[in-house]
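*Asks:* Can you keep this structure in mind? I'll have questions shortly.
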There are 2 protein chains.
Amino acid sequence: MDGPCPTSFIRLATELAELSGAIIRRYFRTPVAVETKADTSPVTAADREAEAAMRERIETAYPDHGVIGEEFGPARADAEYVWVLDPIDGTKSFISGKPLFGTLIGLVHDGAPILGVIDHPALGERWIGARGEQSTFNGAPAKVRPCPGLGEAILFATSPQMFEGANADAFDRLCRDVKYPLFGTDCYGYGLLASGFADLVVEAKLRPYDFCALVPVVEGAGGVITDWQGAPLNLASDGRVIAAGDRRTHGECLKVLG
Amino acid sequence: MDGPCPTSFIRLATELAELSGAIIRRYFRTPVAVETKADTSPVTAADREAEAAMRERIETAYPDHGVIGEEFGPARADAEYVWVLDPIDGTKSFISGKPLFGTLIGLVHDGAPILGVIDHPALGERWIGARGEQSTFNGAPAKVRPCPGLGEAILFATSPQMFEGANADAFDRLCRDVKYPLFGTDCYGYGLLASGFADLVVEAKLRPYDFCALVPVVEGAGGVITDWQGAPLNLASDGRVIAAGDRRTHGECLKVLG
């Protein structure tokens with residue numbers, strides 16, 4: 001499929017965001033138990049219930065579609081269409097009362113992201129991107145802003161501690177070259193970039209459920225999002241991501257990280 | 001004055017937050033011009049107008065009180081009562097569309113903070129602390145939570161780049177000892193700590209207008225806030241701050257940073 005993303009899929013993605021958001025809001029800032037997963041990241045009943053509700057809805061609507069989710073793993077991952085879900089991107093923010101965490105709902109066709117929702121249930125803010133359409137923020141057009149180069153760029157990353165070894169050295173160089181490096185954004189940073197409030201998001205160690213939903217949002221707002229070699233993101237990408245509102249900033253960033 | 005903070009001062013501080021919040025919301029996520037100050041930090045018309053409006057209101061109500069503000073400097077700074085104002089703590093967040101920036105309104109009596117407001121106009125969230133009273137969050141009691149030690153602690157800091165030299169080494173050690181270090185909080189982190197969602201905030205290079213308002217909020221919620229030597233904060237403090245919800249965590253933190 002190279003044409004626009006079918007409207008029925010966009011409708012379902014919006015329903016999923018409503019469904020998960022209602023569950024997550026019920027748990028936010030309550031004394032929910034926090035478990036620690038094998039990778040030392042936290043998880044709560046909110047993550048699990050939100051993902052389970054979304055999977056059930058997808059399986060009812062499109063039983064032949066695949067699903068990959070952060071909490072319950074892959075099902076039919078070799079299907080033509082695969083939904084890629086992170087019920088709470090930024091669980092550490094969620095458990096510490098910070099409202100910037102988000103729900104990521106992506107749809108991948110033959111491995112390429114064609115639909116993405118970045119939903120912030122505690123803020124009432126939602127970005128939607130779909131191939132062939134202008135991205136939206138709460139229903140209004142979302143557009144990146146121009147940025148002539150790194151020296152003028154506001155850079156977001158969730159934490160400098162996402163980077164290790166050579167990646168950390170590269171990220172340090174980048175921090176020195178940009179105007180302001182700012183932290184703690186989770187997926188919110190990609191939404192703000194799509195709306196033209198920031199210029200660059202650079203991260204590492206992301207999993208497909210962390211980045212698949214971002215791609216259509218950033219691209220549909222006029223931005224560019226790739227791996228650190230400048231290649232398109234897909235289910236097999238290595239988890240190092242650059243998003244930029246302006247191709248010139250993206251090009252300079254690739255050189256610094258390369 | 002060792003008794004409780006007079007109600008009339010708390011009422012004025014609330015009025016100041018309403019006043020500044022209305023101005024700041026008018027500018028948030030609009031294409032406001034960003035200037036760079038001598039210290040390389042950004043400033044906008046929103047910062048200046050909000051501070052000017054608060055100063056005018058204070059001078060009308062209490063012409064003998066002093067005022068120290070981030071944007072317009074000190075006036076009558078040797079007065080018995082001095083208001084200490086940061087119209088936008090987190091201007092970098094403000095200009096990049098992140099709603100966690102806040103307005104800090106402090107009142108110092110003979111050098112000691114006795115009243116503080118942490119107001120987040122883009123989120124509609126406000127913490128108030130006054131000597132002799134329980135701190136509040138949007139009118140409801142705000143209370144810290146217990147945390148037995150660093151290994152269980154969620155730590156906030158605005159950016160690891162606030163620390164240099166020996167401070168950076170100390171902060172790195174601390175990051176390894178806590179459960180999760182999280183970034184990008186500006187003054188919001190102190191509010192979340194006062195509400196029992198996090199356990200520790202450690203920062204450096206703060207100015208009096210960055211920390212005076214925090215003290216009554218954190219203390220009135222049952223927490224402890226000091227410099228890195230464990231001494232109370234006042235107008236002469238060196239800008240290195242530890243806030244903790246639990247004295248045990250505070251004690252362990254002092255040892256790691258010392």
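Here, A, B, ... name the chains of the structure tokens in the order displayed, residue numbers run from 1 inside each chain, and ligands are numbered from 1 in the same displayed order.
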Set the cut-off to 6 Å and count only C-alpha atoms: what are the residues of chain A that reach chain B? Output as a list in words.

*Replies:*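 That gives Ser96, Gly97, Phe183, Gly184, Phe197 and Ala198 of chain A for chain A.
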
*Asks:* Please produce an output containing N, CA, C and O atoms for each residue in the selection, written as a compact mmCIF listing (two decimals), in the first residue's frame.

*Replies:*
# COMPACT_ATOMS: atom_id res chain seq x y z
N SER A 96 5.78 9.07 38.78
CA SER A 96 6.25 10.19 39.61
C SER A 96 5.37 11.42 39.43
O SER A 96 5.77 12.53 39.81
N GLY A 97 4.18 11.25 38.85
CA GLY A 97 3.22 12.34 38.80
C GLY A 97 3.41 13.34 37.68
O GLY A 97 2.67 14.31 37.57
N PHE A 183 15.75 18.13 28.65
CA PHE A 183 15.54 16.71 28.95
C PHE A 183 14.15 16.43 29.52
O PHE A 183 13.40 17.35 29.84
N GLY A 184 13.86 15.12 29.64
CA GLY A 184 12.65 14.71 30.36
C GLY A 184 11.38 14.71 29.52
O GLY A 184 10.29 14.84 30.07
N PHE A 197 7.50 23.66 18.03
CA PHE A 197 8.01 24.31 19.25
C PHE A 197 9.46 23.94 19.55
O PHE A 197 10.09 24.54 20.41
N ALA A 198 9.96 22.91 18.90
CA ALA A 198 11.35 22.49 19.09
C ALA A 198 11.86 22.00 17.75
O ALA A 198 11.08 21.84 16.79

*Asks:* Within 9 Å of Pro148 of chain A, counting only C-alpha atoms, which residues qualify if same-chain residues fewer than 5 places away don't, as an mmCIF file with N, CA, C and O atoms, in the first residue's frame?

*Replies:*
data_model
loop_
_atom_site.group_PDB
_atom_site.id
_atom_site.type_symbol
_atom_site.label_atom_id
_atom_site.label_comp_id
_atom_site.auth_asym_id
_atom_site.auth_seq_id
_atom_site.Cartn_x
_atom_site.Cartn_y
_atom_site.Cartn_z
ATOM 1 N N ALA A 153 19.098 25.409 17.248
ATOM 2 C CA ALA A 153 18.147 24.324 17.538
ATOM 3 C C ALA A 153 17.906 24.097 19.019
ATOM 4 O O ALA A 153 18.836 24.062 19.824
ATOM 5 N N ASP A 246 13.538 20.407 10.372
ATOM 6 C CA ASP A 246 14.112 21.019 9.167
ATOM 7 C C ASP A 246 15.234 20.102 8.665
ATOM 8 O O ASP A 246 16.094 19.687 9.447
ATOM 9 N N ARG A 247 15.241 19.827 7.351
ATOM 10 C CA ARG A 247 16.248 18.917 6.778
ATOM 11 C C ARG A 247 17.668 19.410 6.998
ATOM 12 O O ARG A 247 18.605 18.617 7.104
ATOM 13 N N ARG A 248 17.836 20.741 7.058
ATOM 14 C CA ARG A 248 19.200 21.271 7.257
ATOM 15 C C ARG A 248 19.725 20.883 8.644
ATOM 16 O O ARG A 248 20.872 20.461 8.797
ATOM 17 N N THR A 249 18.868 20.990 9.645
ATOM 18 C CA THR A 249 19.269 20.599 11.006
ATOM 19 C C THR A 249 19.519 19.093 11.064
ATOM 20 O O THR A 249 20.470 18.633 11.701
#

*Asks:* Please return, as a ChimeraX atom specification, all residues of segment 17-196 of chain A that DSSP assigns to strand (DSSP E or B) on the basis of the backbone.

*Replies:* /A:35-36,42-43,66-69,73-75,81-89,102-109,112-120,125-130,136-137,140-141,154-157,180-183

*Asks:* If we count only C-alpha atoms, what is near His65 of chain B at a cut-off of 12 Å, once residues fewer than 3 positions away on the same chain are taken out, given as a list of chain:residue names?

*Replies:* B:Phe9, B:Arg55, B:Glu56, B:Arg57, B:Ile58, B:Glu59, B:Thr60, B:Ala61, B:Tyr62, B:Ile68, B:Pro74, B:Ala75, B:Arg76, B:Ala77, B:Asp78, B:Ala79, B:Glu80, B:Tyr81, B:Val82, B:Trp83, B:Val84, B:Leu107, B:Val108, B:His109, B:Asp110

*Asks:* Compare B:Arg126, B:Lys143, B:Arg26, B:His120 by their minimum atom-to-atom distance to Gly245 of chain B, counting only C-alpha atoms, and give me the closest one.

*Replies:*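 Closest to Gly245 of chain B, using only C-alpha atoms: B:Lys143.
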